[in-house]
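Comments concern the structure below.
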Amino acid sequence: MLSFIDFLWKSTLAYEGDIVIEMHDVYKVYKNGVKALNGINVKIDQGEFVYVVGPSGAGKSTFIKLMYREEKPTHGVILINGVNVKRVRDWKIPYLRRNIGVVFQDYKLLPNMTAYENVAFAMEAVEAPKRKIKRRVHEMLELVGLYDRMNAYPSQLSGGEQQRVSIARAMVNNPSFLIADEPTGNLDPENSWDIMYLLEEINSRGTTVVMATHNKEIVNTMRKRVIAVEQGVIVRDEEQGEYGYED
Amino acid sequence: MVMKIDTMIRHTREAINSLRRNTWMVFAACSAVAVTLLIFGIFLVFAFNINYLASELDKQVAIRASVSVSATDDDIDQLKGQLEKEPEVKKVTFVPKEEGLKQMKAQWGDDAHFLSGLEEDNPLPDTFVIEAKNPQQTERLAKKIDQNYRLIDHTEYGEGVTDKLLGLSSWVRNMVLVFGLGLAALAAFLISNTIKLTIFARRREIEIMRLVGASNWFIRWPFFIEGGVIGILGAIVPVTVVLVGYNAVVNILEANNAYSFFKLMGMWPLSFYVAGLTTLLGVMIGVWGSLISIRRFLRV
Ligand SMILES: Nc1ncnc2c1ncn2[C@@H]1O[C@H](COP(=O)(O)OP(=O)(O)OP(=O)(O)O)[C@@H](O)[C@H]1O
Ligand SMILES: [Mg+2]
């Protein structure tokens with residue numbers, strides 16, 4: 001009995017705290033035959049800030065989707081804290097995802113909910129205690145600078161504000177890993193920089209940030225680790241790297 | 001699957017909101033459930049009554065063994081002991097001829113005056129009323145007693161009635177099973193379509209829930225509840241119709257002496273069973289319907 005409880009404990013909480021993601025010789029072939037990734041080898045440590053760059057169709061989004069197990073690798077091994085993700089049972093995947101926040105180019109906010117409700121929704125979905133939700137949501141809205149707009153609906157918010165709500169939602173369950181797929185893709189430079197300062201702030205508090213981007217200016221100004229992907233392989237992986245493309 | 005009350009309330013609220021959003025689909029699904037359950041309910045009433053009637057008749061298919069007039073009181077005691085030892089025998093009751101006459105008078109009712117005066121010179125034999133452990137053994141047991149016991153003149157029992165009734169009952173059951181299963185599948189299909197609409201309407205929320213790590217059960221629950229509620233809603237009309245109808249039939253039969261041989265099960269235990277079983281089946285069809293959609297469209 002004790003070992004069973006122990007097992008449950010470990011299986012639900014194995015991902016709390018630091019997260020180290022490793023990929024060994026990872027391939028991804030989609031059902032339609034497209035070879036999106038062709039042998040990826042990489043290791044991302046807790047606390048890093050990583051840009052993923054590369055031409056359109058290079059496989060950046062696919063690379064990111066493998067990290068939160070939205071897609072499964074066709075070949076190769078992905079380790080999270082040394083555990084082969086392929087071996088993780090389907091019912092445990094939600095518990096893995098609780099420790100990985102995700103942000104998208106199109107925000108994916110629920111239109112019929114206010115900013116507050118959108119953020120709270122993420123906590124309700126993981127059955128967080130009610131009394132904790134209010135405090136934590138306020139905290140997050142404060143972090144992203146939208147405390148005053150918490151009752152606004154997404155349609156009443158600018159793109160930059162919507163993206164900040166979506167970041168608050170991604171962070172509300174206190175993940176140690178934040179993934180962002182072109183978070184500034186739909187934003188003007190000013191709003192993009194606001195988002196970047198926010199992500200840097202989040203990273204400085206210890207959260208790993210992995211961000212796919214086409215924004216040359218940002219990458220070249222805010223110097224971080226850069227992983228360049230082309231045709232499904234990593235062609236460059238540098239600390240304090242540059243964007244390296246002309247678009 | 002331990003769940004907090006908060007969570008349960010939330011799931012139920014989700015489910016009810018969806019039900020309200022798709023009124024017409026819900027109405028169609030409920031109607032299909034109702035038709036299925038109506039047939040099931042009527043069948044239940046029949047099945048319960050046939051079983052009831054059969055068991056009532058079983059009580060009457062006890063073997064009546066007439067004791068030879070030459071038997072003494074000692075012989076009778078001994079006979080009783082021997083009969084009770086037979087492995088097939090459940091119960092042996094001795095009915096002296098005076099008692100037999102009284103019973104006969106009671107049965108004949110108004111016409112009992114034909115029997116008056118017989119007390120002086122009672123022509124009836126003393127009898128043993130013997131019940132077999134298993135009604136199907138009645139015939140064999142009667143033959144055996146007839147052949148083996150010198151002091152038993154002859155045996156008789158009500159032949160074949162029960163078997164025919166039980167035969168009818170199982171035939172009706174098979175019919176309903178085949179027919180009802182088809183209807184239940186149709187109802188489940190309609191429910192699954194309703195659920196499919198809900199899943200579609202909530203696809204964005206579901207996407208976010210998966211993304212932030214809601215457990216699969218958390219995502220599924222509202223749909224199970226929605227299906228279950230459709231099942232319960234679908235059970236209301238058929239349960240009411242069947243019970244009101246049955247009550248009317250029982251009243252007519254009781255009011256009219258011409259049918260007094262036709263004894264139906266009373267309202268109380270029957271209405272309880274019928275309502276319970278029908279609603280349960282409704283819920284099962286509902287959950288079945290949600291299961292179809294959840295497996296096909298939810299992928300969790
Ligand atoms: N679900 C899918 N099914 C089939 N093919 C896909 C799927 N998703 C992506 N692809 C294909 O896989 C390849 C890599 O796509 P991916 O989205 O990873 O590129 P990307 O680097 O993110 O591009 P972009 O910069 O335009 O976002 C592309 O050829 C794309 O068409
Ligand atoms: Mg992409």
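Within each chain, counting starts at residue 1; across the structure tokens, chains are named A, B, ... in the order shown, with ligands numbered 1 upward in that order.
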
Subject >> Cys30 (chain B) surroundings by only C-alpha atoms, 7 Å radius, close-in-sequence under 4 positions cut, as a PyMOL selection string >> reply: chain B and resi 26+34+230-231+233-234

**OP:** Check which residues fall inside 12 Å of ligand 2 when counting only C-alpha atoms and all ligand atoms, and print them as a list in words.
**Re:**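 The neighbouring residues of ligand 2 are, in order, Ala36, Val52, Val53, Gly54, Pro55, Ser56, Gly57, Ala58, Gly59, Lys60, Ser61, Thr62, Phe63, Ile64, Lys65, Phe104, Gln105, Asp106, Ala180, Asp181, Glu182, Pro183, Gly185, Met211, Ala212, Thr213, His214 and Val229 of chain A.
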
**OP:** Report as a PyMOL selection string the set of chain A residues whose atoms approach chain B to within 8 Å, with distances computed over only C-alpha atoms.
**Re:** chain A and resi 91+93-98+100-102+108+110+122+125-127+170

Subject >> Shell around region 125-137 of chain B at 6 Å using only C-alpha atoms, local window under 6 positions removed, as a PyMOL selection string >> reply: chain B and resi 62-67+88-97

Go ahead and write the selection's residues with N, CA, C and O atoms as a compact mmCIF listing (two decimals), in the first residue's frame.
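Ended up saving to again_33.txt:
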```
# COMPACT_ATOMS: atom_id res chain seq x y z
N ALA B 62 -48.30 -27.64 -5.84
CA ALA B 62 -47.90 -28.65 -4.87
C ALA B 62 -48.63 -29.96 -5.18
O ALA B 62 -49.71 -29.96 -5.78
N ILE B 63 -47.97 -31.04 -4.84
CA ILE B 63 -48.57 -32.36 -5.08
C ILE B 63 -49.58 -32.66 -3.98
O ILE B 63 -49.32 -32.41 -2.81
N ARG B 64 -50.73 -33.12 -4.39
CA ARG B 64 -51.71 -33.57 -3.40
C ARG B 64 -51.73 -35.10 -3.43
O ARG B 64 -52.09 -35.70 -4.44
N ALA B 65 -51.30 -35.70 -2.34
CA ALA B 65 -51.25 -37.15 -2.27
C ALA B 65 -52.36 -37.65 -1.33
O ALA B 65 -52.39 -37.28 -0.16
N SER B 66 -53.27 -38.46 -1.87
CA SER B 66 -54.37 -38.96 -1.04
C SER B 66 -53.91 -40.18 -0.26
O SER B 66 -53.31 -41.10 -0.81
N VAL B 67 -54.23 -40.16 1.02
CA VAL B 67 -53.81 -41.26 1.88
C VAL B 67 -54.91 -42.34 1.88
O VAL B 67 -56.10 -42.02 1.90
N GLU B 88 -36.02 -34.54 -2.82
CA GLU B 88 -36.61 -33.48 -3.64
C GLU B 88 -37.63 -32.65 -2.87
O GLU B 88 -38.10 -31.62 -3.36
N VAL B 89 -37.97 -33.13 -1.66
CA VAL B 89 -39.10 -32.52 -0.97
C VAL B 89 -38.67 -31.30 -0.17
O VAL B 89 -37.67 -31.30 0.51
N LYS B 90 -39.49 -30.21 -0.32
CA LYS B 90 -39.20 -29.02 0.45
C LYS B 90 -40.05 -29.01 1.71
O LYS B 90 -39.57 -28.68 2.80
N LYS B 91 -41.34 -29.37 1.54
CA LYS B 91 -42.25 -29.18 2.66
C LYS B 91 -43.41 -30.18 2.54
O LYS B 91 -43.91 -30.43 1.43
N VAL B 92 -43.76 -30.75 3.65
CA VAL B 92 -44.90 -31.67 3.66
C VAL B 92 -45.91 -31.17 4.68
O VAL B 92 -45.56 -30.89 5.82
N THR B 93 -47.15 -31.00 4.23
CA THR B 93 -48.19 -30.58 5.17
C THR B 93 -49.30 -31.64 5.17
O THR B 93 -49.72 -32.08 4.10
N PHE B 94 -49.71 -32.04 6.34
CA PHE B 94 -50.80 -33.01 6.41
C PHE B 94 -52.12 -32.26 6.48
O PHE B 94 -52.28 -31.33 7.28
N VAL B 95 -53.05 -32.60 5.59
CA VAL B 95 -54.36 -31.97 5.60
C VAL B 95 -55.41 -33.06 5.88
O VAL B 95 -55.74 -33.86 4.99
N PRO B 96 -55.92 -33.12 7.11
CA PRO B 96 -56.94 -34.12 7.42
C PRO B 96 -58.21 -33.85 6.62
O PRO B 96 -58.42 -32.73 6.15
N LYS B 97 -59.04 -34.88 6.46
CA LYS B 97 -60.16 -34.72 5.54
C LYS B 97 -61.13 -33.62 5.96
O LYS B 97 -61.73 -32.97 5.10
```

Original post:
Given the choices A:Arg205, A:Ser176, A:Trp193, A:Asn215, which gets closest to ligand 1 if the distance is worked out from only C-alpha atoms and all ligand atoms?
Top reply: A:Asn215

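These are the residues of region 111-151 of chain B assigned strand (DSSP E) by DSSP from backbone coordinates: Thr127, Phe128, Val129, Ile130, Glu131 and Ala132 of chain B.
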
Subject >> alpha helix (DSSP H) call set, DSSP backbone run, region 7-244 of chain A, as a PyMOL selection string >> reply: chain A and resi 7-13+60-67+93-97+115-125+130-143+159-171+189-204+216-221
